[in-house]
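Structure, as C-alpha cells:
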Amino acid sequence: MDELAARAAALAVRGCGDVRLRRVGVSRAGSPLWLLSVGRGSRQALVVAGPHANEPVGGATVLRLAERVLADPRLTVGADATWNLLLCLDPDGLRRNERWLTGPYSLGRYFRHFFRPGFLEQPEWLPDGAAAAALPETRALLRLQDELKPFLQCSLHGVDVGGAFVELTHDLPGLSRRVGHAAARLGIPRELGPYDTLYWPRLGPAVYRIPPPRPRDLAAAITEAAVESTWYHPHRHGTVTAVVEAPMWGVAAVEDGSPPADRDAVLRAVSSALRRDARLLERILARVRPHLAGTPETARLLAPVDDYLLVCPGLADAWDPATADPARPLPPLSTAHLTALRIAGRRIAVRTAGLLHQLVTGAGRDPAGALPELDGLIDAWCAGYEECGARWIPVARQAEYQARVVFAAFELAGRRAAGPAGARSGESDWGTRPAVPMHRE
C-alpha cells in the first residue's frame, strides 16, 4: 500500500501539472484514500482499484493506466478527458493481505493469509441505500461519483481461481470481442459461466449485464450482487460501470463452452461437497469459538466466516437438481458453468478454512487441536485446484489485461456518450503486436 502511494506521488511530480494527487477520504483506520488524476478534459473517467481487500492487482493496473495516459495525449486532450484513478478503496483490508503479496505465489500461502471483510464491511455495497452508507470509504466514493459525474466507471476486481470476465450496467457493443482479443493475446482464460452471473443477461462471451438492484436478503446479496451498490449509484449521471475481473490463478476449463456429459451428476456432486465441507467447517468453528478472545481482530475475522457459512446451504440447494427452486430453474449449463460452480463451492470452503487458521494462529494457542486439521484441509483443497489445472498468471499479465479492457471500455463508452467521434483507445495495433512470451516477464 505504501509503495503504491509513493509511486503515484512520483508520477504526480513528473507529470508537470497534468497529474494531480489528492486525498479524497480516509479509511476506518485512518489511511488516506488517494486519487490520481491525469489530464484536464471536461469528460471524467473514474477507475476504482482495490474494492475487495484480497484483489490487489488493480493497484498495478492504475499505475500502468496513468503511465500510458500521461504518454498519449489522444487519451486526454484528444478525448477531452480526465482520468481519475482511485488507488485503493479498501487500504485497511489490503494491508491485511500483504503477508502473501510479497510471494512466493502459491495457493496455500494465499489462502492461509487471505482476508476479505464481512459483507457489511465491503465498501462497494450499499445494503441500506446510499443515504445510510456507514463506511467512510463508501461515503468517499459516493462523494467522488457525485462530484465527477463520470461517463465511465471501471471497478477493478480479481478472481483468485478461474478466468477473466466483465460485468456492465449498460451494454457496450464490441466489448466482448475486445475482451476475447486481450485475453487470448495474454494467455488468460475467459470465464464463460461465472456462478454469480448464472441468471444475468449475457452480452457476449465473458461479458454480462448487471441487473438493476432490488431488495434481497443478505445471502442473496452476497452471492448474486444484484443489490444497491456503488456500481449503480452514478447511473443518475449517465455513467456506464464496468466491473473488470482478472484471475490470479487461471483454469482453462472455465472457457469450455461444450455441453456437459451429465449435468445433473456434476451438480449433485458439487452440492454434496459444499454441504459436507460446510458441516465440517461449522464443527471446527464450534470447537474453536469458545477459545477466542472477544477482540476487534477476532470479530473482523469471524464476520466473513459467518457470512460464508451462512450462504452455503442456500447455494447447495439452488445448485442441486433435487432441491432447486422450480420457480427459478437453472439456465442451460455448459462445461464452463459447471467448472465455475466447482471452483466457487471449493472457494467458499478454503477461504473459510484460511480465516479459521488465522483465528487460531492469532490466538497464540490451539486448545481445540484445530490447526492440523485446518492445514490438512487447506493443502488438500489447494491440491484439488492444481489438479484441475490452476496456474499462476504473472501480475504483469493480470494488470495488462485489465488495462486493455479499461481502454476498450473508455473508447466504447465515449462513443456511446459522444457518437462516432468519441474517444480512441490508442490500441489500434492490438492485432499486429506479438504476445509477451511468459519467460520474458
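Identifiers in this document derive from the order of the C-alpha cells: chains are assigned A, B, ..., residues are numbered from 1 separately in each chain, and ligands are numbered from 1 in order of occurrence.
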
Write out as a ChimeraX atom specification each polymer residue whose atoms come within 10 Å of Leu356 of chain A, counting only C-alpha atoms; drop sequence neighbours fewer than 6 positions from it.
/A:112,281,284-285,288-289,301-302,305,350,362,370-371,374

Within 9 Å of segment 409-414 of chain A, which residues of segment 239-277 of chain A come that close, and what is the closest atom pair and distance in Å for each? Count only C-alpha atoms and give it as JSON lines.
{"residue": "A:Thr239", "atom": "CA", "partner": "A:Ala413", "partner_atom": "CA", "distance": 8.9}
{"residue": "A:Val240", "atom": "CA", "partner": "A:Ala413", "partner_atom": "CA", "distance": 7.0}
{"residue": "A:Ala242", "atom": "CA", "partner": "A:Ala409", "partner_atom": "CA", "distance": 7.5}

Would you please work out which residue, of A:Ala390, A:Leu156, A:Ala316, A:Ala6, is nearest to Leu107 of chain A when using only C-alpha atoms?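 Of A:Ala390, A:Leu156, A:Ala316, A:Ala6, the one nearest Leu107 of chain A is A:Ala390, counting only C-alpha atoms.
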
_My list of candidates is A:Gly294, A:Pro321, A:Gly50, A:Pro247. Which is closest to Arg268 of chain A when distances are computed with only C-alpha atoms?_
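Distance minimum relative to Arg268 of chain A lands on A:Pro321.
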
Residues within 12 Å of Arg416 of chain A, only C-alpha atoms, excluding chain neighbours under 6 positions, as a short mmCIF file (atom, residue, chain, number, x, y, z; two decimals) with all heavy atoms, in the first residue's frame:
data_model
loop_
_atom_site.label_atom_id
_atom_site.label_comp_id
_atom_site.auth_asym_id
_atom_site.auth_seq_id
_atom_site.Cartn_x
_atom_site.Cartn_y
_atom_site.Cartn_z
N PHE A 151 -18.57 9.63 -17.14
CA PHE A 151 -19.28 8.91 -18.21
C PHE A 151 -18.95 7.43 -18.14
O PHE A 151 -19.71 6.59 -18.62
CB PHE A 151 -18.95 9.50 -19.59
CG PHE A 151 -17.59 9.15 -20.13
CD1 PHE A 151 -17.42 8.04 -20.95
CD2 PHE A 151 -16.47 9.92 -19.83
CE1 PHE A 151 -16.17 7.71 -21.47
CE2 PHE A 151 -15.23 9.61 -20.33
CZ PHE A 151 -15.06 8.49 -21.14
N LEU A 152 -17.80 7.10 -17.51
CA LEU A 152 -17.38 5.71 -17.35
C LEU A 152 -16.80 5.51 -15.96
O LEU A 152 -16.01 6.33 -15.48
CB LEU A 152 -16.31 5.34 -18.39
CG LEU A 152 -15.66 3.96 -18.21
CD1 LEU A 152 -16.66 2.85 -18.51
CD2 LEU A 152 -14.43 3.83 -19.12
N HIS A 170 -24.53 -1.13 -18.44
CA HIS A 170 -25.12 -0.84 -19.75
C HIS A 170 -24.31 -1.62 -20.79
O HIS A 170 -23.10 -1.79 -20.63
CB HIS A 170 -25.03 0.65 -20.12
CG HIS A 170 -25.74 1.58 -19.20
ND1 HIS A 170 -25.25 1.91 -17.95
CD2 HIS A 170 -26.91 2.27 -19.34
CE1 HIS A 170 -26.08 2.77 -17.36
NE2 HIS A 170 -27.09 2.99 -18.18
N ASP A 171 -24.95 -2.02 -21.85
CA ASP A 171 -24.23 -2.73 -22.91
C ASP A 171 -23.25 -1.79 -23.60
O ASP A 171 -23.55 -0.62 -23.84
CB ASP A 171 -25.22 -3.29 -23.93
CG ASP A 171 -24.56 -4.24 -24.93
OD1 ASP A 171 -23.38 -4.60 -24.71
OD2 ASP A 171 -25.24 -4.62 -25.89
N LEU A 172 -22.08 -2.31 -23.90
CA LEU A 172 -21.09 -1.62 -24.73
C LEU A 172 -20.79 -2.53 -25.90
O LEU A 172 -19.89 -3.38 -25.84
CB LEU A 172 -19.81 -1.32 -23.93
CG LEU A 172 -19.91 -0.32 -22.80
CD1 LEU A 172 -18.58 -0.18 -22.06
CD2 LEU A 172 -20.36 1.06 -23.33
N PRO A 173 -21.55 -2.42 -26.99
CA PRO A 173 -21.35 -3.33 -28.12
C PRO A 173 -19.90 -3.31 -28.60
O PRO A 173 -19.30 -2.25 -28.77
CB PRO A 173 -22.31 -2.77 -29.18
CG PRO A 173 -23.39 -2.08 -28.39
CD PRO A 173 -22.67 -1.48 -27.21
N GLY A 174 -19.36 -4.48 -28.80
CA GLY A 174 -17.97 -4.60 -29.23
C GLY A 174 -17.01 -4.94 -28.10
O GLY A 174 -15.88 -5.35 -28.36
N GLY A 238 -25.74 9.13 -15.93
CA GLY A 238 -25.50 8.53 -17.23
C GLY A 238 -24.23 7.69 -17.28
O GLY A 238 -23.73 7.37 -18.36
N THR A 239 -23.72 7.33 -16.12
CA THR A 239 -22.47 6.59 -16.04
C THR A 239 -22.64 5.14 -16.46
O THR A 239 -23.61 4.48 -16.08
CB THR A 239 -21.92 6.61 -14.60
OG1 THR A 239 -21.79 7.97 -14.18
CG2 THR A 239 -20.59 5.90 -14.49
N VAL A 240 -21.71 4.64 -17.26
CA VAL A 240 -21.59 3.21 -17.52
C VAL A 240 -20.54 2.66 -16.56
O VAL A 240 -19.43 3.17 -16.49
CB VAL A 240 -21.14 2.93 -18.97
CG1 VAL A 240 -20.96 1.43 -19.20
CG2 VAL A 240 -22.12 3.53 -19.96
N ALA A 409 -13.20 -0.14 -22.87
CA ALA A 409 -14.44 0.40 -22.32
C ALA A 409 -14.46 1.92 -22.44
O ALA A 409 -15.52 2.52 -22.70
CB ALA A 409 -14.58 -0.03 -20.85
N PHE A 410 -13.32 2.56 -22.25
CA PHE A 410 -13.22 4.02 -22.38
C PHE A 410 -13.61 4.44 -23.80
O PHE A 410 -14.39 5.38 -23.99
CB PHE A 410 -11.78 4.44 -22.07
CG PHE A 410 -11.50 5.91 -22.25
CD1 PHE A 410 -11.82 6.83 -21.27
CD2 PHE A 410 -10.87 6.37 -23.40
CE1 PHE A 410 -11.54 8.18 -21.43
CE2 PHE A 410 -10.59 7.71 -23.58
CZ PHE A 410 -10.92 8.62 -22.59
N GLY A 422 -16.33 9.83 -30.71
CA GLY A 422 -15.87 9.66 -29.33
C GLY A 422 -14.42 9.29 -29.23
O GLY A 422 -13.68 9.20 -30.21
N ALA A 423 -14.00 9.01 -28.01
CA ALA A 423 -12.59 8.81 -27.72
C ALA A 423 -12.03 7.56 -28.37
O ALA A 423 -12.73 6.60 -28.62
CB ALA A 423 -12.40 8.72 -26.21
#

Using only C-alpha atoms, which residues of segment 244-361 of chain A come within 12 Å of segment 55-76 of chain A, and what is the closest atom pair for each, with the distance in Å to one decimal? Give it as CSV, sorted by chain and residue number.
residue,atom,partner,partner_atom,distance
A:Val244,CA,A:Gly58,CA,9.5
A:Glu245,CA,A:Glu55,CA,9.5
A:Ala246,CA,A:Val57,CA,8.2
A:Pro247,CA,A:Glu55,CA,9.4
A:Met248,CA,A:Val57,CA,8.6

Store the residues picked out above in a file with all heavy atoms, as a PDB file, in the first residue's frame.
ATOM      1  N   VAL A 244     -14.319  -5.157 -13.944  1.00  0.00           N
ATOM      2  CA  VAL A 244     -13.323  -5.892 -14.729  1.00  0.00           C
ATOM      3  C   VAL A 244     -12.645  -6.923 -13.824  1.00  0.00           C
ATOM      4  O   VAL A 244     -11.902  -6.566 -12.912  1.00  0.00           O
ATOM      5  CB  VAL A 244     -12.279  -4.925 -15.326  1.00  0.00           C
ATOM      6  CG1 VAL A 244     -11.310  -5.687 -16.233  1.00  0.00           C
ATOM      7  CG2 VAL A 244     -12.969  -3.807 -16.096  1.00  0.00           C
ATOM      8  N   GLU A 245     -12.906  -8.194 -14.093  1.00  0.00           N
ATOM      9  CA  GLU A 245     -12.376  -9.292 -13.287  1.00  0.00           C
ATOM     10  C   GLU A 245     -11.190  -9.939 -14.004  1.00  0.00           C
ATOM     11  O   GLU A 245     -11.301 -10.332 -15.162  1.00  0.00           O
ATOM     12  CB  GLU A 245     -13.456 -10.351 -13.049  1.00  0.00           C
ATOM     13  CG  GLU A 245     -14.699  -9.846 -12.340  1.00  0.00           C
ATOM     14  CD  GLU A 245     -14.593  -9.957 -10.827  1.00  0.00           C
ATOM     15  OE1 GLU A 245     -13.495 -10.314 -10.338  1.00  0.00           O
ATOM     16  OE2 GLU A 245     -15.599  -9.699 -10.147  1.00  0.00           O
ATOM     17  N   ALA A 246     -10.071 -10.060 -13.295  1.00  0.00           N
ATOM     18  CA  ALA A 246      -8.885 -10.725 -13.836  1.00  0.00           C
ATOM     19  C   ALA A 246      -8.465 -11.832 -12.876  1.00  0.00           C
ATOM     20  O   ALA A 246      -8.412 -11.600 -11.658  1.00  0.00           O
ATOM     21  CB  ALA A 246      -7.744  -9.727 -14.019  1.00  0.00           C
ATOM     22  N   PRO A 247      -8.158 -13.028 -13.374  1.00  0.00           N
ATOM     23  CA  PRO A 247      -7.804 -14.126 -12.466  1.00  0.00           C
ATOM     24  C   PRO A 247      -6.350 -14.078 -12.030  1.00  0.00           C
ATOM     25  O   PRO A 247      -5.466 -13.679 -12.787  1.00  0.00           O
ATOM     26  CB  PRO A 247      -8.060 -15.368 -13.321  1.00  0.00           C
ATOM     27  CG  PRO A 247      -7.766 -14.908 -14.721  1.00  0.00           C
ATOM     28  CD  PRO A 247      -8.204 -13.464 -14.780  1.00  0.00           C
ATOM     29  N   MET A 248      -6.113 -14.527 -10.787  1.00  0.00           N
ATOM     30  CA  MET A 248      -4.746 -14.715 -10.308  1.00  0.00           C
ATOM     31  C   MET A 248      -4.234 -16.099 -10.710  1.00  0.00           C
ATOM     32  O   MET A 248      -3.110 -16.242 -11.182  1.00  0.00           O
ATOM     33  CB  MET A 248      -4.683 -14.505  -8.798  1.00  0.00           C
ATOM     34  CG  MET A 248      -4.975 -13.074  -8.378  1.00  0.00           C
ATOM     35  SD  MET A 248      -4.676 -12.776  -6.613  1.00  0.00           S
ATOM     36  CE  MET A 248      -6.117 -13.519  -5.861  1.00  0.00           C
TER      37      MET A 248
END

*Out of segment 282-429 of chain A, which residues get helix (DSSP H, G or I) from DSSP, as a ChimeraX atom specification?*
/A:282-291,296-319,335-363,371-387,395-421

Nearest to Arg22 of chain A among A:Pro205, A:Arg178, A:Leu144, A:Leu135, with distances taken over only C-alpha atoms: which residue is it?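 For Arg22 of chain A, the nearest of the given residues is A:Leu144.
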
Q. Using only C-alpha atoms, which residues sit within 8 Å of segment 122-131 of chain A once same-chain residues fewer than 3 positions away are excluded, as a count of residues only?
A. 17

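Residue neighbourhood of Ile393 of chain A, excluding near-sequence residues (fewer than 2 positions): Met248, Trp249, Gly250, Arg391, Val395, Arg397 and Gln398 of chain A, at 7 Å, using only C-alpha atoms.
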
Got time to write the residues from that selection, N, CA and C atoms, as a short mmCIF file (atom, residue, chain, number, x, y, z; two decimals), in the first residue's frame?
data_model
loop_
_atom_site.label_atom_id
_atom_site.label_comp_id
_atom_site.auth_asym_id
_atom_site.auth_seq_id
_atom_site.Cartn_x
_atom_site.Cartn_y
_atom_site.Cartn_z
N MET A 248 -6.11 -14.53 -10.79
CA MET A 248 -4.75 -14.71 -10.31
C MET A 248 -4.23 -16.10 -10.71
N TRP A 249 -5.06 -17.11 -10.49
CA TRP A 249 -4.76 -18.46 -10.97
C TRP A 249 -5.80 -18.81 -12.02
N GLY A 250 -5.37 -19.05 -13.25
CA GLY A 250 -6.29 -19.33 -14.33
C GLY A 250 -6.57 -20.81 -14.47
N ARG A 391 -3.23 -22.37 -12.67
CA ARG A 391 -1.84 -21.92 -12.86
C ARG A 391 -1.75 -20.43 -12.56
N VAL A 395 1.65 -11.12 -12.46
CA VAL A 395 0.96 -9.86 -12.17
C VAL A 395 0.97 -8.94 -13.40
N ARG A 397 0.77 -9.67 -16.44
CA ARG A 397 -0.29 -10.05 -17.39
C ARG A 397 -1.67 -9.69 -16.85
N GLN A 398 -1.87 -9.90 -15.58
CA GLN A 398 -3.15 -9.52 -14.99
C GLN A 398 -3.41 -8.03 -15.19
#

Separating atom CA of Ala286 of chain A from atom CA of Ser271 of chain A, to the nearest tenth of an Å, is a gap of 22.5 Å

Using only C-alpha atoms, the shortest atom-to-atom distance to Ala269 of chain A among A:Pro290, A:His157, A:Asp320, A:Gly257 belongs to A:Asp320
